[in-house]
Amino acid sequence: NKNVRKALTYAFDFEWSNRNLFYNAYTRTKSYFDNSELSSQSLPSEKELAILKKYRGKVPEEVFNTIFTPPDTNDENGLRKNLRTARRLLKNEGWVIKNDVLTKKDTGEIFKFEILLRSALFERIVLPMKRNLTKLGIEVSIRTVQDDSQYMRRLEDFDYDMIVVNYGSIISPGNE
């Protein structure tokens, strides 16, 4: 569900992680081709709208009227505001708190998932997000699989809920 995934992004505190774990070495990307002429920087131009209009109804409506910016926590109480936004998104999709656990209202399903890691070094990155997700009532487990063949097998079999991955890119599309 798009809104559930969006809620999860509100639980990731990039600014805290960048400041406390990475010594402000990173800038948040807003587009796959960030910092290039191919990046999403503004609303679609007239030429872009002419191409996009035949896809109206097939692509999200916000493509036509919203400039994408990922959630941030720079404002005072930024994380708290983001978690409230996440809670609202989850509630709108039928997830409610029941006995301190996020539960699907109609089915009773508990919101839980596993983050699969290749190295224990990534635990310091996902543990703060786990803490934020726990505040939303989401149960998160972390499994580190250091054996490369086991890890790759899990990826090939799509035997994971969430992973940490990075994608390299170049300025012009093609290699990816």
# chains A, B, ... in the order shown; residues from 1 in each chain; ligands from 1
>>> select_by_dssp(residues="stretch 89-149 of chain A", states="helix (DSSP H, G or I)", output="list of chain:residue names")
A:Leu89, A:Leu90, A:Lys91, A:Asn92, A:Ala120, A:Leu121, A:Phe122, A:Glu123, A:Arg124, A:Ile125, A:Val126, A:Leu127, A:Pro128, A:Met129, A:Lys130, A:Arg131, A:Asn132, A:Leu133, A:Thr134, A:Lys135, A:Asp148, A:Ser149
>>> residues_around(residues="stretch 24-29 of chain A", least_positions_apart="6", cutoff="9 Å", atoms="only C-alpha atoms", output="compact mmCIF listing (two decimals) with N, CA and C atoms, in the first residue's frame")
# COMPACT_ATOMS: atom_id res chain seq x y z
N PHE A 14 16.24 10.86 8.71
CA PHE A 14 17.48 11.01 7.96
C PHE A 14 18.39 12.04 8.61
N GLU A 15 17.84 13.16 9.04
CA GLU A 15 18.67 14.24 9.59
C GLU A 15 19.41 13.77 10.85
N SER A 17 20.17 10.63 11.66
CA SER A 17 21.15 9.63 11.25
C SER A 17 22.36 10.28 10.60
N ASN A 18 22.13 11.23 9.72
CA ASN A 18 23.22 11.91 9.04
C ASN A 18 24.11 12.65 10.04
N ASN A 35 20.64 16.12 -8.48
CA ASN A 35 21.72 17.02 -8.88
C ASN A 35 22.08 16.90 -10.36
N THR A 69 9.24 16.29 -2.08
CA THR A 69 10.30 16.50 -1.09
C THR A 69 10.12 15.44 -0.02
N PRO A 70 11.19 14.73 0.32
CA PRO A 70 11.07 13.71 1.36
C PRO A 70 10.84 14.35 2.72
>>> closest_residue(among="A:Thr144, A:Phe111, A:Asp75, A:Val59", to="A:Val96", atoms="only C-alpha atoms")
A:Phe111
>>> residues_around(residues="A:Met162", least_positions_apart="6", cutoff="7 Å", atoms="only C-alpha atoms", output="ChimeraX atom specification")
/A:114-116
>>> write_last_selection(atoms="C-alpha atoms", output="PDB file, in the first residue's frame")
ATOM      1  CA  GLU A 114      11.750  -8.072   9.368  1.00  0.00           C
ATOM      2  CA  ILE A 115      14.680  -5.972   8.214  1.00  0.00           C
ATOM      3  CA  LEU A 116      17.261  -8.226   6.581  1.00  0.00           C
TER       4      LEU A 116
END
>>> atom_distance(atom1="atom CA of A:Ala7", atom2="atom CA of A:Arg87")
7.2 Å
>>> atom_distance(atom1="atom CA of A:Met129", atom2="atom CA of A:Thr9")
9.5 Å
>>> residues_around(residues="A:Thr107", least_positions_apart="5", cutoff="12 Å", atoms="only C-alpha atoms", output="number ranges by chain")
A: 94-96, 102
>>> atom_distance(atom1="atom CA of A:Asn82", atom2="atom CA of A:Tyr10")
5.2 Å
>>> select_by_dssp(residues="stretch 3-158 of chain A", states="strand (DSSP E)", output="MDAnalysis selection string")
chainID A and resid 95:98 101:104 112:117 139:144
>>> closest_residue(among="A:Ile163, A:Val140, A:Leu89, A:Leu43", to="A:Arg5", atoms="only C-alpha atoms")
A:Leu89
>>> closest_residue(among="A:Asp148, A:Phe33, A:Asn92, A:Lys98", to="A:Val4", atoms="only C-alpha atoms")
A:Asn92
